[in-house]
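Text of the file input_25.cif, holding mmCIF, C-alpha atoms and all ligand atoms:
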data_run
#
loop_
_atom_site.label_atom_id
_atom_site.label_comp_id
_atom_site.auth_asym_id
_atom_site.auth_seq_id
_atom_site.Cartn_x
_atom_site.Cartn_y
_atom_site.Cartn_z
CA MET V 18 15.97 12.44 -22.66
CA GLU V 19 13.91 14.13 -25.38
CA PRO V 20 13.98 17.92 -25.92
CA LYS V 21 11.80 19.98 -23.59
CA GLY V 22 8.18 20.28 -24.64
CA MET V 23 8.27 17.44 -27.17
CA SER V 24 6.14 14.36 -26.84
CA LYS V 25 7.46 10.90 -27.47
CA VAL V 26 5.97 7.61 -28.67
CA SER V 27 6.98 4.88 -26.25
CA THR V 28 8.75 1.91 -27.76
CA MET V 29 9.91 -1.40 -26.37
CA PRO V 30 11.32 -4.36 -28.32
CA TRP V 31 8.32 -6.58 -27.62
CA THR V 32 5.64 -3.97 -28.40
CA TRP V 33 6.26 -3.72 -32.15
CA SER V 34 2.81 -5.12 -32.95
CA LEU V 35 0.91 -3.12 -30.32
CA PRO V 36 -0.61 0.32 -30.92
CA ALA V 37 1.88 2.97 -29.77
CA ILE V 38 1.17 5.22 -26.81
CA LYS V 39 2.17 8.85 -26.89
CA THR V 40 3.94 9.90 -23.72
CA LEU V 41 4.35 13.42 -22.42
CA ARG V 42 6.91 15.51 -20.67
CA ARG V 43 6.42 16.83 -17.15
CA ASN V 44 5.34 20.31 -18.25
CA GLU V 45 2.60 18.79 -20.45
CA VAL V 46 0.62 17.18 -17.61
CA PRO V 47 -1.32 18.78 -14.72
CA LEU V 48 0.57 19.57 -11.51
CA SER V 49 -1.21 16.80 -9.63
CA TYR V 50 0.24 14.19 -12.02
CA ARG V 51 3.84 15.27 -11.65
CA GLU V 52 6.18 13.13 -9.57
CA PRO V 53 9.31 14.63 -8.03
CA PHE V 54 12.38 14.32 -10.31
CA ILE V 55 10.48 12.35 -13.00
CA LEU V 56 10.70 14.46 -16.16
CA SER V 57 9.22 12.37 -18.97
CA ARG V 58 7.23 9.29 -20.05
CA TYR V 59 3.97 10.55 -18.49
CA ARG V 60 0.74 9.19 -19.96
CA SER V 61 -1.99 11.56 -21.07
CA CYS V 62 -4.40 12.42 -18.26
CA ARG V 63 -7.32 11.72 -20.63
CA SER V 64 -6.50 8.17 -21.74
CA SER V 65 -9.07 5.60 -22.79
CA LEU V 66 -9.49 2.38 -20.79
CA GLY V 67 -7.73 0.54 -23.62
CA THR V 68 -4.77 2.90 -23.43
CA CYS V 69 -4.61 2.42 -19.65
CA LEU V 70 -4.40 -1.35 -20.18
CA LEU V 71 -1.93 -1.06 -23.07
CA SER V 72 0.33 1.21 -21.04
CA ALA V 73 1.37 -1.85 -19.01
CA LEU V 74 3.22 -3.03 -22.12
CA HIS V 75 4.84 0.28 -23.06
CA ALA V 76 7.74 2.20 -21.57
CA THR V 77 5.87 4.79 -19.47
CA ASN V 78 6.94 6.02 -16.05
CA GLU V 79 4.10 3.95 -14.48
CA THR V 80 4.74 0.63 -16.29
CA LEU V 81 7.06 -0.91 -13.71
CA ASN V 82 5.05 0.57 -10.85
CA PHE V 83 2.24 -1.66 -12.12
CA TRP V 84 4.28 -4.83 -12.62
CA THR V 85 6.21 -4.61 -9.35
CA HIS V 86 2.92 -5.11 -7.48
CA PHE V 87 0.89 -7.09 -10.03
CA VAL V 88 3.34 -10.02 -10.20
CA PRO V 89 3.48 -10.34 -6.37
CA PHE V 90 -0.35 -10.16 -6.40
CA LEU V 91 -0.51 -13.14 -8.78
CA VAL V 92 1.90 -15.15 -6.60
CA LEU V 93 0.17 -14.35 -3.29
CA GLY V 94 -3.24 -14.77 -4.93
CA LEU V 95 -2.42 -18.30 -6.08
CA VAL V 96 -1.01 -19.29 -2.68
CA THR V 97 -4.05 -17.82 -0.90
CA LEU V 98 -6.42 -19.58 -3.29
CA GLN V 99 -4.76 -22.89 -2.44
CA HIS V 100 -5.48 -22.26 1.27
CA VAL V 101 -9.06 -21.16 0.58
CA LEU V 102 -9.73 -24.25 -1.54
CA ASP V 103 -8.30 -26.57 1.13
CA PRO V 104 -11.34 -27.63 3.24
CA SER V 105 -9.25 -28.69 6.24
CA PHE V 106 -7.40 -25.35 6.30
CA ARG V 107 -10.36 -23.01 5.83
CA SER V 108 -12.64 -24.86 8.26
CA ASP V 109 -10.20 -24.50 11.18
CA PRO V 110 -10.95 -21.17 12.95
CA PHE V 111 -7.35 -21.00 14.19
CA ASN V 112 -6.29 -20.37 10.56
CA TRP V 113 -8.82 -17.61 9.86
CA ALA V 114 -6.60 -14.73 10.98
CA PHE V 115 -3.90 -16.02 8.63
CA LEU V 116 -6.39 -16.09 5.76
CA VAL V 117 -7.42 -12.53 6.64
CA PHE V 118 -3.76 -11.48 6.42
CA ALA V 119 -3.28 -13.23 3.05
CA LEU V 120 -6.49 -11.81 1.59
CA SER V 121 -5.64 -8.28 2.75
CA GLY V 122 -2.23 -8.73 1.10
CA CYS V 123 -4.00 -9.54 -2.17
CA VAL V 124 -6.22 -6.46 -1.69
CA TYR V 125 -3.30 -4.04 -1.34
CA LEU V 126 -1.21 -5.53 -4.16
CA LEU V 127 -4.17 -5.54 -6.55
CA GLY V 128 -5.36 -2.09 -5.37
CA SER V 129 -1.94 -0.62 -6.02
CA SER V 130 -1.72 -2.28 -9.46
CA ILE V 131 -5.14 -0.97 -10.47
CA ALA V 132 -4.33 2.50 -9.15
CA HIS V 133 -1.10 2.76 -11.12
CA MET V 134 -2.71 1.41 -14.30
CA PHE V 135 -5.90 3.50 -14.40
CA SER V 136 -4.75 6.77 -12.83
CA CYS V 137 -4.36 8.26 -16.34
CA TYR V 138 -8.02 7.72 -17.30
CA SER V 139 -9.06 11.19 -16.11
CA GLU V 140 -8.07 13.66 -13.45
CA VAL V 141 -10.93 12.52 -11.20
CA ALA V 142 -9.80 8.91 -11.78
CA HIS V 143 -6.27 10.00 -10.84
CA TYR V 144 -7.45 11.17 -7.41
CA ILE V 145 -9.70 8.16 -6.87
CA CYS V 146 -6.85 5.79 -7.80
CA TYR V 147 -4.65 7.62 -5.31
CA PHE V 148 -7.29 7.12 -2.60
CA ILE V 149 -7.61 3.43 -3.52
CA ASP V 150 -3.83 3.01 -3.32
CA TYR V 151 -3.56 4.44 0.20
CA SER V 152 -6.77 2.85 1.43
CA THR V 153 -5.70 -0.64 0.39
CA VAL V 154 -2.36 -0.18 2.19
CA SER V 155 -4.36 0.78 5.26
CA ILE V 156 -6.62 -2.27 4.83
CA TYR V 157 -3.54 -4.48 4.51
CA MET V 158 -2.22 -3.24 7.82
CA VAL V 159 -5.57 -4.07 9.44
CA GLY V 160 -5.36 -7.61 8.01
CA LEU V 161 -1.79 -7.92 9.26
CA CYS V 162 -2.82 -6.74 12.73
CA VAL V 163 -5.72 -9.21 12.89
CA ALA V 164 -3.03 -11.90 12.50
CA TYR V 165 -0.68 -10.17 14.96
CA ASN V 166 -3.56 -10.02 17.44
CA GLU V 167 -4.11 -13.79 17.21
CA TYR V 168 -0.57 -15.14 16.81
CA VAL V 169 2.17 -12.65 17.74
CA PHE V 170 1.53 -11.16 21.21
CA PRO V 171 3.94 -12.78 23.70
CA ARG V 172 2.42 -14.90 26.47
CA TYR V 173 2.79 -12.23 29.19
CA ALA V 174 0.94 -9.61 27.09
CA ILE V 175 -2.03 -11.76 26.11
CA ASN V 176 -5.36 -10.71 27.66
CA THR V 177 -3.88 -7.48 29.07
CA VAL V 178 -5.56 -4.11 28.50
CA MET V 179 -3.12 -3.38 25.66
CA HIS V 180 -4.04 -6.63 23.96
CA ARG V 181 -7.77 -5.87 24.29
CA VAL V 182 -7.53 -2.34 22.89
CA TYR V 183 -4.97 -3.25 20.20
CA LEU V 184 -7.33 -4.17 17.37
CA PRO V 185 -9.97 -1.44 18.00
CA MET V 186 -7.15 1.14 17.94
CA VAL V 187 -5.75 -0.35 14.71
CA PHE V 188 -9.21 -0.06 13.18
CA LEU V 189 -9.57 3.62 14.14
CA LEU V 190 -6.01 4.54 13.12
CA SER V 191 -6.48 2.88 9.72
CA LEU V 192 -9.44 5.13 8.95
CA LEU V 193 -7.60 8.19 10.28
CA PHE V 194 -4.54 7.38 8.16
CA SER V 195 -6.61 6.88 5.01
CA ALA V 196 -8.59 10.08 5.57
CA THR V 197 -5.44 12.18 6.10
CA SER V 198 -3.71 10.50 3.13
CA CYS V 199 -6.61 11.53 0.92
CA ALA V 200 -6.71 15.02 2.42
CA THR V 201 -2.99 15.59 1.82
CA LYS V 202 -3.59 15.18 -1.91
CA TYR V 203 -5.94 18.13 -2.29
CA SER V 204 -6.36 20.08 0.95
CA LYS V 205 -5.89 23.82 0.76
CA HIS V 206 -4.41 23.83 4.26
CA HIS V 207 -0.59 23.89 4.06
CA LEU V 208 0.06 21.99 7.29
CA LEU V 209 -2.40 19.22 6.48
CA ARG V 210 -1.10 18.88 2.92
CA ILE V 211 2.54 18.72 3.85
CA HIS V 212 2.56 17.06 7.28
CA GLY V 213 -0.77 15.22 7.67
CA ARG V 214 0.41 11.84 6.44
CA LYS V 215 3.81 12.24 8.08
CA VAL V 216 2.08 12.30 11.48
CA THR V 217 -0.65 9.71 11.05
CA PHE V 218 1.38 7.02 9.27
CA PRO V 219 4.14 6.71 11.92
CA ALA V 220 1.47 6.60 14.67
CA TYR V 221 -0.42 3.89 12.79
CA PHE V 222 2.75 1.94 11.93
CA LEU V 223 4.11 2.03 15.49
CA TRP V 224 0.81 0.94 17.00
CA CYS V 225 0.47 -1.93 14.52
CA ASN V 226 3.89 -3.19 15.55
CA LEU V 227 3.10 -3.18 19.28
CA PRO V 228 3.36 -7.00 19.58
CA LEU V 229 6.83 -6.94 18.03
CA ALA V 230 7.82 -4.02 20.27
CA TYR V 231 6.85 -6.12 23.31
CA ARG V 232 9.21 -8.83 22.15
CA ALA V 233 12.02 -6.44 21.28
CA PHE V 234 11.92 -4.47 24.53
CA PHE V 235 10.67 -6.98 27.10
CA GLY V 236 11.87 -10.24 25.57
CA SER V 237 9.95 -13.44 25.13
CA SER V 238 10.45 -16.82 26.68
CA SER V 239 10.88 -19.78 24.39
CA SER V 240 7.35 -20.91 25.22
CA SER V 241 5.83 -17.66 24.01
CA SER V 242 7.52 -17.12 20.70
CA SER V 243 8.79 -18.91 17.65
CA SER V 244 12.52 -18.54 16.97
CA THR V 245 11.91 -19.23 13.28
CA ALA V 246 9.31 -16.49 13.22
CA ASP V 247 11.69 -14.08 14.98
CA VAL V 248 14.13 -14.37 12.07
CA TYR V 249 11.35 -13.54 9.60
CA HIS V 250 10.13 -10.66 11.79
CA ILE V 251 13.63 -9.15 11.72
CA ALA V 252 13.78 -9.64 7.94
CA HIS V 253 10.44 -7.90 7.31
CA THR V 254 11.40 -5.07 9.65
CA ILE V 255 14.55 -4.49 7.57
CA ALA V 256 12.48 -4.61 4.36
CA ALA V 257 10.00 -2.12 5.86
CA THR V 258 12.86 0.23 6.76
CA LEU V 259 14.24 0.04 3.21
CA ALA V 260 10.74 0.64 1.81
CA GLY V 261 10.37 3.75 3.98
CA LEU V 262 13.79 5.05 2.93
CA SER V 263 13.00 4.49 -0.77
CA TYR V 264 9.67 6.26 -0.46
CA ALA V 265 10.94 9.26 1.49
CA SER V 266 14.30 9.82 -0.19
CA HIS V 267 13.25 9.82 -3.87
CA LEU V 268 16.59 8.15 -4.58
CA PRO V 269 18.10 7.55 -7.07
CA GLU V 270 16.11 9.97 -9.29
CA ALA V 271 16.78 12.91 -6.94
CA LEU V 272 20.48 12.63 -7.87
CA ALA V 273 19.86 12.57 -11.62
CA PRO V 274 16.39 13.88 -12.56
CA GLY V 275 15.16 12.32 -15.81
CA ARG V 276 17.59 9.36 -15.79
CA PHE V 277 15.24 6.98 -13.98
CA ASP V 278 11.93 7.92 -15.56
CA PHE V 279 11.33 4.36 -16.81
CA ILE V 280 13.32 1.98 -14.62
CA ALA V 281 14.92 1.95 -11.15
CA GLN V 282 13.02 4.95 -9.77
CA SER V 283 12.40 5.05 -6.02
CA HIS V 284 8.70 4.12 -6.24
CA GLN V 285 9.58 0.86 -7.99
CA LEU V 286 12.18 0.10 -5.31
CA PHE V 287 9.53 0.93 -2.69
CA HIS V 288 7.13 -1.55 -4.33
CA LEU V 289 9.77 -4.28 -4.42
CA CYS V 290 10.61 -3.73 -0.75
CA THR V 291 6.92 -3.93 0.22
CA ALA V 292 6.50 -7.15 -1.78
CA VAL V 293 9.52 -8.62 0.01
CA LEU V 294 8.26 -7.53 3.43
CA THR V 295 4.89 -9.19 2.68
CA TYR V 296 6.75 -12.38 1.78
CA TYR V 297 8.60 -12.34 5.11
CA GLN V 298 5.44 -11.48 7.05
CA TYR V 299 3.72 -14.43 5.39
CA HIS V 300 6.45 -16.80 6.58
CA ALA V 301 6.68 -15.21 10.04
CA LEU V 302 2.96 -15.73 10.60
CA SER V 303 3.11 -19.28 9.20
CA ALA V 304 5.85 -20.09 11.71
CA GLU V 305 3.95 -18.48 14.61
CA MET V 306 0.84 -20.52 13.78
CA HIS V 307 2.79 -23.73 13.54
CA ASP V 308 4.94 -23.28 16.64
CA ARG V 309 2.43 -21.67 19.03
CA ARG V 310 -0.86 -23.34 18.14
CA GLU V 311 -1.44 -25.22 21.43
CA GLU V 312 -0.27 -22.33 23.61
CA LEU V 313 -2.43 -19.75 21.81
CA LEU V 314 -5.55 -21.91 21.77
CA THR V 315 -5.15 -22.44 25.53
CA LEU V 316 -4.56 -18.76 26.33
CA CYS V 317 -6.87 -17.05 23.81
CA GLY V 318 -9.46 -19.65 22.91
CA THR V 319 -10.73 -20.24 19.39
CA PRO V 320 -10.74 -17.15 17.13
CA THR V 321 -14.18 -15.96 16.03
CA PHE V 322 -15.46 -15.02 12.58
CA VAL V 323 -16.33 -11.51 13.82
CA GLY V 324 -12.86 -10.99 15.31
CA THR V 325 -11.11 -12.01 12.10
CA PHE V 326 -13.07 -11.78 8.82
CA GLY V 327 -15.60 -9.44 10.43
CA VAL V 328 -12.92 -6.85 11.23
CA LEU V 329 -11.51 -6.99 7.70
CA LEU V 330 -14.92 -6.79 5.98
CA ALA V 331 -16.05 -3.88 8.18
CA ASN V 332 -12.81 -2.02 7.43
CA ILE V 333 -13.13 -2.61 3.69
CA PHE V 334 -16.76 -1.41 3.81
CA LEU V 335 -15.87 1.83 5.63
CA HIS V 336 -12.99 2.50 3.23
CA GLY V 337 -15.44 1.97 0.37
CA VAL V 338 -17.76 4.57 1.93
CA LEU V 339 -14.81 6.97 2.33
CA ILE V 340 -13.70 6.57 -1.30
CA ALA V 341 -17.28 6.86 -2.62
CA GLY V 342 -17.78 10.05 -0.57
CA LEU V 343 -14.57 11.56 -1.91
CA ALA V 344 -15.50 10.58 -5.48
CA ILE V 345 -18.87 12.33 -5.15
CA TRP V 346 -17.16 15.39 -3.65
CA LEU V 347 -14.59 15.48 -6.47
CA ARG V 348 -17.29 15.40 -9.13
CA LYS V 349 -19.03 18.51 -7.77
CA PRO V 350 -18.86 21.36 -10.31
CA GLY V 351 -15.80 23.55 -9.82
CA GLN V 352 -14.11 21.17 -7.34
CA LEU V 353 -11.15 20.35 -9.60
CA ALA V 354 -10.59 24.05 -10.29
CA LYS V 355 -10.36 24.66 -6.53
CA ILE V 356 -7.79 21.87 -6.21
CA HIS V 357 -5.76 23.29 -9.09
CA LYS V 358 -5.75 26.64 -7.34
CA SER V 359 -4.54 25.11 -4.07
CA LEU V 360 -1.79 23.20 -5.92
CA GLU V 361 -0.44 26.46 -7.30
CA MET V 362 0.17 27.90 -3.84
CA PRO V 363 3.83 29.07 -3.53
CA THR V 364 4.73 26.74 -0.66
CA ILE V 365 3.76 23.75 -2.78
CA SER V 366 4.79 24.77 -6.27
CA HIS V 367 8.43 25.55 -5.45
CA LYS V 368 9.10 21.82 -5.43
CA GLU V 369 7.49 21.11 -8.73
CA ASP V 370 9.86 22.38 -11.37
ZN ZN N 401 2.68 2.63 -5.71
#
Rewrite the structure from the file as structure tokens, please.
Ligand SMILES: [Zn+2]
Amino acid sequence: MEPKGMSKVSTMPWTWSLPAIKTLRRNEVPLSYREPFILSRYRSCRSSLGTCLLSALHATNETLNFWTHFVPFLVLGLVTLQHVLDPSFRSDPFNWAFLVFALSGCVYLLGSSIAHMFSCYSEVAHYICYFIDYSTVSIYMVGLCVAYNEYVFPRYAINTVMHRVYLPMVFLLSLLFSATSCATKYSKHHLLRIHGRKVTFPAYFLWCNLPLAYRAFFGSSSSSSSSTADVYHIAHTIAATLAGLSYASHLPEALAPGRFDFIAQSHQLFHLCTAVLTYYQYHALSAEMHDRREELLTLCGTPTFVGTFGVLLANIFLHGVLIAGLAIWLRKPGQLAKIHKSLEMPTISHKED
């Protein structure tokens, strides 16, 4: 750990031929950039695009946040591309909800990677990247729920009122979650800043998992579920729990501030857990499709383009409108100064140093 107030040039064994990047200590970057218990290796908040790209190869506190989602994006992207390029797979409407899930997985992994890489371009870019990060998570959950809606509801719950309102509610909750996630970053209202996301995310998460809750609480006959899929559903639920614990606890860096600025910080563990849970969700949905195809086609009929791709595209469009609106709002003269003022409120700043 370098002395307080001094900057440091990041070095890694394989970057000897690359231009160096100067990293900063916590007290040298704006409040909005500071992460709890991370004391050093911050990038400048006025980096060039080239520096943003180069930072992926230097030892900053965002480097592994980028790679822990970019590598899974490459893997899932290649697998999804194989499905998209397979004429027999993409032309079968029964597979469309699975493609929606896989594509939304690519969206969130790439969105997160981009957000972590370019958040140091400017302070406005920092906020916009933050919005993109949360919005793409929200879009991913919509894609997941499109697949849940088609493949995961047990036989006795299909075509009930809950099944019919499931996807419209997911759609609304995704927008509400994204809006409150964005608001918590800059709102001057204490309660919204501190508790907004803590309320909307659990509501959204619980509703999304309604089909699994049916199975857990009311059981499922062998004809209405896939035992292989059940194993994967349990595995991704465990991974989701670990992801939530990593995100909320700030462990291990909370125990030794400054020791995990580069590697093994909680956000990297959170990313790894989310990549693992996506892997298990992929296999759970594959198993559901394989094992329940005849039953689901008989009970639900053939999925439609509007009910699968249409839902995802409409959700992406509305998130784009939300992010564009926030970007325009952020660029209004004096807006950043107002945010700085709200960040310095006593109830917020006591956590910062
Ligand atoms: Zn992240």
Counting all atoms listed in the file, what are the residues, protein, DNA or RNA alike, that approach ligand ZN 401 (chain N) to within 8 Å? I want them as a PyMOL selection string. chain V and resi 82-83+86+129-130+132-133+150+284-285+287-288
Counting all atoms listed in the file, which of V:Thr40, V:Asn166, V:Thr85, V:Ser49 gets nearest to V:Phe118?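 With all atoms listed in the file as the atom set, the closest residue is V:Asn166.
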Neighbouring residues of stretch 298-311 of chain V were defined as those with any atom within 9 Å, considering all atoms listed in the file; residues of the same chain fewer than 2 positions away were excluded. Please report them as a PyMOL selection string. chain V and resi 111-112+115+118-119+161+164-165+168-169+240-250+252-253+293-296+313-316
Once you count all atoms listed in the file, which residues end up no further than 8 Å from (-0.5, 8.0, -11.0) in the file's frame, shown as an MDAnalysis selection string? chainID V and resid 50 79 132:137 143 146:147
Once you have the residues from the selection above, write them out as a short mmCIF file (atom, residue, chain, number, x, y, z; two decimals), keeping the file's coordinate frame, restricted to C-alpha atoms.
data_model
loop_
_atom_site.label_atom_id
_atom_site.label_comp_id
_atom_site.auth_asym_id
_atom_site.auth_seq_id
_atom_site.Cartn_x
_atom_site.Cartn_y
_atom_site.Cartn_z
CA TYR V 50 0.24 14.19 -12.02
CA GLU V 79 4.10 3.95 -14.48
CA ALA V 132 -4.33 2.50 -9.15
CA HIS V 133 -1.10 2.76 -11.12
CA MET V 134 -2.71 1.41 -14.30
CA PHE V 135 -5.90 3.50 -14.40
CA SER V 136 -4.75 6.77 -12.83
CA CYS V 137 -4.36 8.26 -16.34
CA HIS V 143 -6.27 10.00 -10.84
CA CYS V 146 -6.85 5.79 -7.80
CA TYR V 147 -4.65 7.62 -5.31
#
Taking all atoms of stretch 39-50 of chain V that the file lists, what box with edges along x, y and z, padded by 4 Å per side, do you get, with centre and edge lengths in Å to one decimal, as AutoDock Vina command-line options?
--center_x 2.8 --center_y 14.6 --center_z -18.3 --size_x 16.2 --size_y 19.5 --size_z 25.3
Can you tell me how far atom CA of V:Thr97 sits from atom CA of V:Phe170, in Å to one decimal?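 Atom-to-atom, atom CA of V:Thr97 and atom CA of V:Phe170 are spaced 23.8 Å apart.
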For each of V:Leu120, V:Val154, V:Cys62, V:Leu126, take the minimum atom-to-atom distance to V:His336, counting all atoms listed in the file, then give the residue where this is smallest.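 Checking each of V:Leu120, V:Val154, V:Cys62, V:Leu126 against V:His336, counting all atoms listed in the file, the winner is V:Val154.
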Residues near V:Ser72, cut-off 10 Å, all atoms listed in the file, skip fewer than 4 positions along chain, as a list in words: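 Selected residues are Ser27, Pro36, Ala37, Ile38, Lys39, Thr40, Arg60, Ser64, Leu66, Gly67, Thr68, Ala76, Thr77, Asn78, Glu79, Thr80, Phe83, Met134, Phe135 and Cys137 of chain V.
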Step by step: start from the point (3.1, -0.2, 11.5) in the file's coordinates, keep every protein, DNA or RNA residue that has an atom no farther than 12 Å from it, count only C-alpha atoms, and write the set as a PDB file with C-alpha atoms, in the frame of the given file.
ATOM      1  CA  VAL V 154      -2.360  -0.180   2.190  1.00  0.00           C
ATOM      2  CA  SER V 155      -4.360   0.780   5.260  1.00  0.00           C
ATOM      3  CA  ILE V 156      -6.620  -2.270   4.830  1.00  0.00           C
ATOM      4  CA  TYR V 157      -3.540  -4.480   4.510  1.00  0.00           C
ATOM      5  CA  MET V 158      -2.220  -3.240   7.820  1.00  0.00           C
ATOM      6  CA  VAL V 159      -5.570  -4.070   9.440  1.00  0.00           C
ATOM      7  CA  GLY V 160      -5.360  -7.610   8.010  1.00  0.00           C
ATOM      8  CA  LEU V 161      -1.790  -7.920   9.260  1.00  0.00           C
ATOM      9  CA  CYS V 162      -2.820  -6.740  12.730  1.00  0.00           C
ATOM     10  CA  TYR V 165      -0.680 -10.170  14.960  1.00  0.00           C
ATOM     11  CA  VAL V 187      -5.750  -0.350  14.710  1.00  0.00           C
ATOM     12  CA  LEU V 190      -6.010   4.540  13.120  1.00  0.00           C
ATOM     13  CA  SER V 191      -6.480   2.880   9.720  1.00  0.00           C
ATOM     14  CA  PHE V 194      -4.540   7.380   8.160  1.00  0.00           C
ATOM     15  CA  THR V 217      -0.650   9.710  11.050  1.00  0.00           C
ATOM     16  CA  PHE V 218       1.380   7.020   9.270  1.00  0.00           C
ATOM     17  CA  PRO V 219       4.140   6.710  11.920  1.00  0.00           C
ATOM     18  CA  ALA V 220       1.470   6.600  14.670  1.00  0.00           C
ATOM     19  CA  TYR V 221      -0.420   3.890  12.790  1.00  0.00           C
ATOM     20  CA  PHE V 222       2.750   1.940  11.930  1.00  0.00           C
ATOM     21  CA  LEU V 223       4.110   2.030  15.490  1.00  0.00           C
ATOM     22  CA  TRP V 224       0.810   0.940  17.000  1.00  0.00           C
ATOM     23  CA  CYS V 225       0.470  -1.930  14.520  1.00  0.00           C
ATOM     24  CA  ASN V 226       3.890  -3.190  15.550  1.00  0.00           C
ATOM     25  CA  LEU V 227       3.100  -3.180  19.280  1.00  0.00           C
ATOM     26  CA  PRO V 228       3.360  -7.000  19.580  1.00  0.00           C
ATOM     27  CA  LEU V 229       6.830  -6.940  18.030  1.00  0.00           C
ATOM     28  CA  ALA V 230       7.820  -4.020  20.270  1.00  0.00           C
ATOM     29  CA  HIS V 253      10.440  -7.900   7.310  1.00  0.00           C
ATOM     30  CA  THR V 254      11.400  -5.070   9.650  1.00  0.00           C
ATOM     31  CA  ALA V 257      10.000  -2.120   5.860  1.00  0.00           C
ATOM     32  CA  THR V 258      12.860   0.230   6.760  1.00  0.00           C
ATOM     33  CA  GLY V 261      10.370   3.750   3.980  1.00  0.00           C
TER      34      GLY V 261
END
Test item: residues at most 10 Å from V:Ala271, all atoms listed in the file, excluding those fewer than 2 positions along its chain, as a PDB file with C-alpha atoms, in the frame of the given file:
ATOM      1  CA  PRO V  53       9.310  14.630  -8.030  1.00  0.00           C
ATOM      2  CA  PHE V  54      12.380  14.320 -10.310  1.00  0.00           C
ATOM      3  CA  ILE V  55      10.480  12.350 -13.000  1.00  0.00           C
ATOM      4  CA  SER V 266      14.300   9.820  -0.190  1.00  0.00           C
ATOM      5  CA  HIS V 267      13.250   9.820  -3.870  1.00  0.00           C
ATOM      6  CA  LEU V 268      16.590   8.150  -4.580  1.00  0.00           C
ATOM      7  CA  PRO V 269      18.100   7.550  -7.070  1.00  0.00           C
ATOM      8  CA  ALA V 273      19.860  12.570 -11.620  1.00  0.00           C
ATOM      9  CA  PRO V 274      16.390  13.880 -12.560  1.00  0.00           C
ATOM     10  CA  GLY V 275      15.160  12.320 -15.810  1.00  0.00           C
ATOM     11  CA  ARG V 276      17.590   9.360 -15.790  1.00  0.00           C
ATOM     12  CA  PHE V 277      15.240   6.980 -13.980  1.00  0.00           C
ATOM     13  CA  GLN V 282      13.020   4.950  -9.770  1.00  0.00           C
ATOM     14  CA  SER V 283      12.400   5.050  -6.020  1.00  0.00           C
TER      15      SER V 283
END
From the list V:Ala344, V:Leu35, V:Leu353, V:Val328, which residue is nearest V:Val117 when using all atoms listed in the file? V:Val328
Suppose you want the space between atom CA of V:Leu335 and atom CA of V:Phe148; what is it in Å?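 Computing the Euclidean distance for atom CA of V:Leu335 and atom CA of V:Phe148 yields 13.0 Å.
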Between atom CA of V:Leu93 and atom CA of V:Cys123, measure the distance and give it in Å to one decimal. 6.5 Å
If you count all atoms listed in the file, the residue of V:Leu289, V:Leu192, V:Cys317, V:Ala260 closest to V:Thr153 turns out to be V:Leu192
With a distance cut-off of 12 Å and only C-alpha atoms, select the neighbouring residues of stretch 106-109 of chain V, excluding the residue or stretch itself and same-chain residues fewer than 4 positions from it, and output the selection as number ranges by chain. V: 97-102, 113-117, 310, 314, 319-322, 326
Given the choices V:Ala200, V:Val163, V:Leu71, V:Tyr183, which gets closest to V:Gly327 if the distance is worked out from all atoms listed in the file?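 Smallest separation from V:Gly327 among the options: V:Val163.
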So, counting all atoms listed in the file, which residue among V:Ala73, V:Val178, V:Pro110, V:Ser195 is closest to V:Val338?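 For V:Val338, the nearest of the given residues is V:Ser195.
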